[in-house]
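Visitor: Sharing a structure below in structure tokens format, with a few things to ask.
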Amino acid sequence: MTFVAPPPASAHDRTPDGQSLHDQTLSHDEVLRIRNDFPVLHQLVNGHPLAYLDSGATSQNPISVMEAEQEYYEQRNAAVHRGAHTLAFAATEVFEAARATVAAFVGASENEIVWTSNATEGVNLVSYSFSNASLGLGGPAAARFALGAGDEIVVTEMEHHSNLIPWQQLALRTGATLRFIPVLPDGTLDLAAAAEILNSRSRLLAVTHASNVVGTINPIDDLVAMAHAVDALVFLDACQSAPHLALDLAALDVDFAVFSGHKMLGPTGIGVLYGKAELLAAMPPFLTGGSMITTVDMGTAEFLAPPQRFEAGTQRISQAIALAAAVDYLSHTGMGRIRTREAELGRRLVEGVTAIPGVRLLGPGRGAERIGLVAVDVAGVHAHDVGQFLDETGIAVRVGHHCAQPLHKKLGVTASTRASTYLYTTDDEVDRFLVVLAEVGPFFGVSR
Ligand SMILES: Cc1ncc(COP(=O)(O)O)c(C=O)c1O
């Protein structure tokens, strides 16, 4: 294991009120030490040191995560929950231990954590389970998930397509109506409108915790209170929050949530669906087949209890184990400190981009709480040109609509350039981004 735990707090590292400085943020030295655990960051791109500012799309992996996956294949590879041999028991043990680690990380119980291949699959799983309930599958217990004409599904205008299209499709399949909570010009949700839109016909509110475009952190407590007051279930897209802040799903009281391993130092191919135990227990499955049944005859099948009911077929074993290693890495570093550090980086980005002529920051401005990313529009220059210009100096950002076309449309742009940070991002990388971004307008002859 190459992970280097942060040094323990010493008496010298305290604020006047006695709080440990190590409890607050990641020091420059710690960030440099963390970077040593991420081999991919130490390379030249186009002759310049890579500045990876695209963690909002996918994060990098520490060595401990890669070693966890390798160790599994070298020592324990076997089918879980099936074999009667020692290796299969060992594989099952470490696979289920991974579930327990991830459950504890987000304030859930183990039977509330369903493995999926990514967050998108988790949204689709619930959407199709609701469809099945609407067809009468799952019996009376599943009736609470059945939708039809007159029912309403509420989403927001800032959703990633993954937390929009599955609900559009559910509405099309069931005859339910899709309604939208608007986004205000400053990139926050219109809560006054939300209070009116959520009504006795609302059956589900699907909302993102943090926007992958504008960085807004939504007031989930308020939205949950509004939705539950009208008996609507709440589905949380935690893709941009689980990696970046201490997440307690039980305390938030959301009914379902999803997040992706690859955005939180884990591998691709693994995601998590959280569902409150009593809801998962009542919900009919989406995918069916091996590993999720108790008894089968030629006409019918009985299903296992959750989470196995929702995990048909051979699972993503090594990926789940590697995700647990990623979660260990984050936990050891401290989610509170990661959040504080990224808020600092976010502030640096916001201050920097708002000072550049011709650059428009999308979303909340100075002083507003946001995750550590910014999306900008450079007047007169297409985002793809901006991205290419930055790439020539080794700076990796995301350009385009970031799978959020309706939000871009609402903000009056077709595409944007997004710089996103993580625990391994340095101030210097942010500053390099700001310097080169300031050169874009003059280079393309649209500003001085
Ligand atoms: C807010 C948000 N939701 C959902 C997703 C979809 O994640 P995945 O592609 O891993 O399923 C993303 C990924 O970009 C995201 O940022």
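Each chain in the structure tokens gets a letter, A, B, ..., in the order shown, and its residues are numbered from 1; ligands are numbered from 1 in order too.
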Produce as number ranges by chain the set of residues near ligand 1, where near means within 6 Å with only C-alpha atoms and all ligand atoms considered.
Guide: A: 57, 118-120, 160, 162, 211-212, 237, 239-240, 260
Visitor: Determine, counting only C-alpha atoms, which protein, DNA and RNA residues have an atom within 12 Å of an atom of His42 (chain A); residues of the same chain fewer than 6 positions away are not included. Present the result as a tab-separated table (two decimals) with C-alpha atoms, in the first residue's frame.
Guide:
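This went into selection-v7.tsv:
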```tsv
chain	number	residue	atom	x	y	z
A	32	LEU	CA	2.38	17.31	-3.39
A	34	ILE	CA	-0.85	13.06	-2.57
A	35	ARG	CA	0.27	13.66	-6.15
A	36	ASN	CA	3.04	11.11	-5.67
A	48	HIS	CA	4.39	20.84	-20.78
A	49	PRO	CA	3.67	19.25	-17.40
A	50	LEU	CA	0.14	17.88	-17.47
A	51	ALA	CA	-2.34	20.06	-15.57
A	52	TYR	CA	-5.30	17.71	-15.22
A	60	GLN	CA	-7.34	9.76	-11.63
A	394	GLY	CA	-0.66	20.65	-21.29
A	424	TYR	CA	-4.44	16.46	-6.16
```
Visitor: Tell me which protein, DNA and RNA residues are within 12 Å of Ala438 (chain A), counting only C-alpha atoms, leaving out same-chain ones fewer than 6 positions away, and put them as a list in words.
Guide: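 Selected residues are Gly352, Val353, Thr354, Ala355, Ile356, Pro357, Gly358, Val359, Arg360, Val376, Val378, Ala379, Val386, Phe389, Leu390, Asp431, Arg432, Phe444, Val446, Ser447 and Arg448 of chain A.
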Visitor: With only C-alpha atoms as the basis for distance, which of A:Leu236, A:Ala312, A:Val102, A:Ala415 is at the shortest distance from Gly271 (chain A)?
Guide: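 Checking each of A:Leu236, A:Ala312, A:Val102, A:Ala415 against Gly271 (chain A), counting only C-alpha atoms, the winner is A:Val102.
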Visitor: Give the alpha helix (DSSP H) residues of region 45-207 of chain A, as DSSP finds them on the backbone, and put them as a PyMOL selection string.
Guide: chain A and resi 63-75+86-105+119-134+165-174+191-197
Visitor: In terms of the shortest atom-to-atom distance over only C-alpha atoms, which of A:Val207, A:Leu135, A:Ala88, A:Val65 is closest to Ile153 (chain A)?
Guide: A:Val207
Visitor: If you run DSSP on the backbone, which residues of region 145-292 of chain A are strand (DSSP E), as a PyMOL selection string?
Guide: chain A and resi 152-156+177-181+202-208+233-237+256-260+271-275
Visitor: Output N, CA and C atoms for every residue in that selection, as a compact mmCIF listing (two decimals), in the first residue's frame.
Guide:
```
# COMPACT_ATOMS: atom_id res chain seq x y z
N GLU A 152 -47.00 12.89 -11.75
CA GLU A 152 -45.95 13.80 -12.22
C GLU A 152 -44.58 13.40 -11.69
N ILE A 153 -43.60 13.48 -12.59
CA ILE A 153 -42.20 13.27 -12.24
C ILE A 153 -41.54 14.65 -12.34
N VAL A 154 -40.88 15.07 -11.29
CA VAL A 154 -40.29 16.42 -11.27
C VAL A 154 -38.77 16.31 -11.36
N VAL A 155 -38.20 17.01 -12.32
CA VAL A 155 -36.73 17.08 -12.44
C VAL A 155 -36.35 18.57 -12.45
N THR A 156 -35.08 18.86 -12.54
CA THR A 156 -34.68 20.27 -12.60
C THR A 156 -34.02 20.54 -13.95
N THR A 177 -46.47 12.70 -16.41
CA THR A 177 -46.03 14.00 -16.96
C THR A 177 -44.71 14.40 -16.31
N LEU A 178 -43.81 14.94 -17.14
CA LEU A 178 -42.52 15.41 -16.63
C LEU A 178 -42.63 16.91 -16.37
N ARG A 179 -42.20 17.35 -15.17
CA ARG A 179 -42.22 18.79 -14.88
C ARG A 179 -40.82 19.23 -14.46
N PHE A 180 -40.55 20.52 -14.60
CA PHE A 180 -39.18 21.02 -14.41
C PHE A 180 -39.12 22.14 -13.39
N ILE A 181 -38.19 22.03 -12.47
CA ILE A 181 -37.89 23.17 -11.58
C ILE A 181 -36.89 24.04 -12.34
N SER A 202 -47.26 14.90 -7.60
CA SER A 202 -45.83 14.59 -7.76
C SER A 202 -45.55 13.23 -7.11
N ARG A 203 -44.87 12.36 -7.86
CA ARG A 203 -44.54 11.04 -7.32
C ARG A 203 -43.05 10.89 -7.07
N LEU A 204 -42.27 11.68 -7.81
CA LEU A 204 -40.82 11.55 -7.70
C LEU A 204 -40.17 12.90 -8.02
N LEU A 205 -39.19 13.26 -7.21
CA LEU A 205 -38.33 14.42 -7.53
C LEU A 205 -36.93 13.87 -7.79
N ALA A 206 -36.40 14.11 -8.99
CA ALA A 206 -35.03 13.70 -9.32
C ALA A 206 -34.19 14.96 -9.44
N VAL A 207 -33.16 15.04 -8.61
CA VAL A 207 -32.39 16.29 -8.54
C VAL A 207 -30.92 15.98 -8.30
N THR A 208 -30.08 16.83 -8.88
CA THR A 208 -28.64 16.64 -8.64
C THR A 208 -28.23 17.36 -7.36
N LEU A 233 -41.24 10.72 -3.69
CA LEU A 233 -39.92 10.16 -3.39
C LEU A 233 -38.84 11.08 -3.95
N VAL A 234 -37.64 11.02 -3.36
CA VAL A 234 -36.53 11.87 -3.83
C VAL A 234 -35.40 10.99 -4.34
N PHE A 235 -34.98 11.26 -5.57
CA PHE A 235 -33.88 10.54 -6.20
C PHE A 235 -32.73 11.53 -6.36
N LEU A 236 -31.60 11.26 -5.70
CA LEU A 236 -30.48 12.21 -5.70
C LEU A 236 -29.37 11.74 -6.64
N ASP A 237 -28.95 12.63 -7.51
CA ASP A 237 -27.76 12.38 -8.32
C ASP A 237 -26.57 12.93 -7.53
N PHE A 256 -33.50 7.55 -2.87
CA PHE A 256 -32.55 6.87 -3.76
C PHE A 256 -31.40 7.83 -4.04
N ALA A 257 -30.25 7.26 -4.39
CA ALA A 257 -29.13 8.11 -4.82
C ALA A 257 -28.23 7.27 -5.71
N VAL A 258 -27.49 7.95 -6.57
CA VAL A 258 -26.50 7.25 -7.42
C VAL A 258 -25.20 8.03 -7.44
N PHE A 259 -24.10 7.30 -7.61
CA PHE A 259 -22.81 7.94 -7.90
C PHE A 259 -21.93 6.94 -8.62
N SER A 260 -20.84 7.47 -9.21
CA SER A 260 -19.96 6.66 -10.07
C SER A 260 -18.58 6.53 -9.46
N GLY A 271 -20.49 1.57 -10.35
CA GLY A 271 -21.29 2.67 -9.82
C GLY A 271 -22.10 2.15 -8.66
N VAL A 272 -22.79 3.06 -8.00
CA VAL A 272 -23.56 2.67 -6.81
C VAL A 272 -24.96 3.24 -6.92
N LEU A 273 -25.93 2.38 -6.65
CA LEU A 273 -27.30 2.84 -6.42
C LEU A 273 -27.59 2.65 -4.95
N TYR A 274 -27.99 3.72 -4.28
CA TYR A 274 -28.46 3.64 -2.90
C TYR A 274 -29.98 3.68 -2.93
N GLY A 275 -30.62 2.84 -2.13
CA GLY A 275 -32.07 2.94 -1.94
C GLY A 275 -32.36 2.63 -0.50
```
Visitor: Quick one: pull the distance between CA of Glu121 (chain A) and CA of Leu198 (chain A), Å, one decimal.
Guide: 25.9 Å
Visitor: Which residues are close to region 396-402 of chain A, i.e. within 7 Å by only C-alpha atoms, leaving aside same-chain residues fewer than 6 positions away? Reply as number ranges by chain.
Guide: A: 51-54, 213, 383-384, 387, 390, 408, 414-419
Visitor: The selected residues should be written to file as a PDB file, in the first residue's frame (atoms: C-alpha atoms).
Guide:
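The result, stored in out_13.pdb:
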```
ATOM      1  CA  ALA A  51      -2.340  20.056 -15.567  1.00  0.00           C
ATOM      2  CA  TYR A  52      -5.303  17.712 -15.216  1.00  0.00           C
ATOM      3  CA  LEU A  53      -8.366  19.904 -14.693  1.00  0.00           C
ATOM      4  CA  ASP A  54     -10.963  17.381 -15.847  1.00  0.00           C
ATOM      5  CA  VAL A 213     -21.649  22.536 -15.116  1.00  0.00           C
ATOM      6  CA  ALA A 383     -15.295  26.047 -26.486  1.00  0.00           C
ATOM      7  CA  HIS A 384     -13.531  23.437 -28.632  1.00  0.00           C
ATOM      8  CA  GLY A 387      -9.928  23.480 -25.131  1.00  0.00           C
ATOM      9  CA  LEU A 390      -5.297  25.013 -23.411  1.00  0.00           C
ATOM     10  CA  HIS A 408     -26.595  25.394 -21.475  1.00  0.00           C
ATOM     11  CA  THR A 414     -24.400  26.023 -26.717  1.00  0.00           C
ATOM     12  CA  ALA A 415     -21.122  24.944 -25.113  1.00  0.00           C
ATOM     13  CA  SER A 416     -18.691  25.922 -22.384  1.00  0.00           C
ATOM     14  CA  THR A 417     -15.175  25.223 -21.138  1.00  0.00           C
ATOM     15  CA  ARG A 418     -15.019  23.547 -17.747  1.00  0.00           C
ATOM     16  CA  ALA A 419     -12.048  23.323 -15.396  1.00  0.00           C
TER      17      ALA A 419
END
```
Visitor: Could you jot down the CA of Arg339 (chain A) to CA of Ile63 (chain A) separation for me, Å, one decimal place?
Guide: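 Result for CA of Arg339 (chain A) versus CA of Ile63 (chain A): 22.0 Å, one decimal.
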Visitor: With a distance cut-off of 7 Å and only C-alpha atoms, select the neighbouring residues of Arg76 (chain A), excluding the residue or stretch itself and same-chain residues fewer than 5 positions from it, and output the selection as a PyMOL selection string.
Guide: chain A and resi 87+90-91
Visitor: Using C-alpha atoms, can you export the residues from the last selection as a PDB file, in the first residue's frame?
Guide:
```
ATOM      1  CA  LEU A  87     -11.169 -19.005  -3.298  1.00  0.00           C
ATOM      2  CA  ALA A  90     -12.405 -15.286  -0.186  1.00  0.00           C
ATOM      3  CA  ALA A  91     -13.669 -13.399  -3.234  1.00  0.00           C
TER       4      ALA A  91
END
```
Visitor: Restricting the calculation to only C-alpha atoms: of A:Leu280, A:Ala142, A:Leu423, A:Leu287, which residue gets closest to Leu345 (chain A)?
Guide: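 The shortest atom-to-atom distance to Leu345 (chain A) comes from A:Leu423.
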Visitor: For a test of reading the model, state the distance in Å between CA of Thr393 (chain A) and CA of Leu44 (chain A), rounded to one decimal.
Guide: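 Distance between the two atoms: 9.6 Å.
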Visitor: Can I get the residues of region 358-433 of chain A within 10 Å of region 242-252 of chain A, each with the closest pair of atoms and their distance in Å to one decimal, using only C-alpha atoms, sorted chain first then ascending number, as a Markdown table?
Guide:
```
| residue | atom | partner | partner_atom | distance |
| --- | --- | --- | --- | --- |
| A:Ile371 | CA | A:His244 | CA | 7.4 |
| A:Gly372 | CA | A:His244 | CA | 8.4 |
| A:Thr421 | CA | A:His244 | CA | 9.6 |
| A:Tyr422 | CA | A:His244 | CA | 7.6 |
| A:Leu423 | CA | A:His244 | CA | 8.6 |
```
Visitor: Kindly save the residues from that selection, with N, CA and C atoms included, as a PDB file, in the first residue's frame.
Guide:
```
ATOM      1  N   ILE A 371     -18.990  23.644  -5.775  1.00  0.00           N
ATOM      2  CA  ILE A 371     -17.917  22.649  -5.799  1.00  0.00           C
ATOM      3  C   ILE A 371     -16.756  23.222  -6.610  1.00  0.00           C
ATOM      4  N   GLY A 372     -15.609  22.549  -6.569  1.00  0.00           N
ATOM      5  CA  GLY A 372     -14.387  23.131  -7.127  1.00  0.00           C
ATOM      6  C   GLY A 372     -14.289  23.049  -8.639  1.00  0.00           C
ATOM      7  N   THR A 421     -11.503  20.510 -10.391  1.00  0.00           N
ATOM      8  CA  THR A 421     -10.359  20.185  -9.528  1.00  0.00           C
ATOM      9  C   THR A 421     -10.630  18.941  -8.693  1.00  0.00           C
ATOM     10  N   TYR A 422      -9.577  18.492  -8.016  1.00  0.00           N
ATOM     11  CA  TYR A 422      -9.739  17.427  -7.025  1.00  0.00           C
ATOM     12  C   TYR A 422      -8.639  17.571  -5.983  1.00  0.00           C
ATOM     13  N   LEU A 423      -8.517  16.582  -5.131  1.00  0.00           N
ATOM     14  CA  LEU A 423      -7.579  16.715  -4.009  1.00  0.00           C
ATOM     15  C   LEU A 423      -6.123  16.821  -4.443  1.00  0.00           C
TER      16      LEU A 423
END
```
Visitor: Write out as a PyMOL selection string each polymer residue whose atoms come within 10 Å of Leu189 (chain A), counting only C-alpha atoms; drop sequence neighbours fewer than 5 positions from it.
Guide: chain A and resi 156-158+181-184+194+216-219
Visitor: Have a look at A:Glu67, A:Glu302, A:Glu112, A:Glu74 and name the one nearest to Arg99 (chain A); count only C-alpha atoms.
Guide: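 Using only C-alpha atoms, Arg99 (chain A) sits closest to A:Glu112.
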Visitor: List the spatial neighbours of Ala143 (chain A) as a list of chain:residue names - criterion: any atom at most 12 Å away, only C-alpha atoms, same-chain residues fewer than 4 positions off excluded.
Guide: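 Non-adjacent residues within range: A:Ser129, A:Phe130, A:Ser131, A:Asn132, A:Ala133, A:Ser134, A:Leu135, A:Gly136, A:Leu137, A:Gly138, A:Gly139, A:Leu147, A:Gly148, A:Arg203, A:Leu279, A:Ala282, A:Met283, A:Pro284.
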Visitor: Calculated over only C-alpha atoms, which of the candidates A:Gly289, A:Gly47, A:Pro39, A:Pro306 has the smallest distance to Val114 (chain A)?
Guide: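 Checking each candidate against Val114 (chain A), we get A:Pro306 as the closest.
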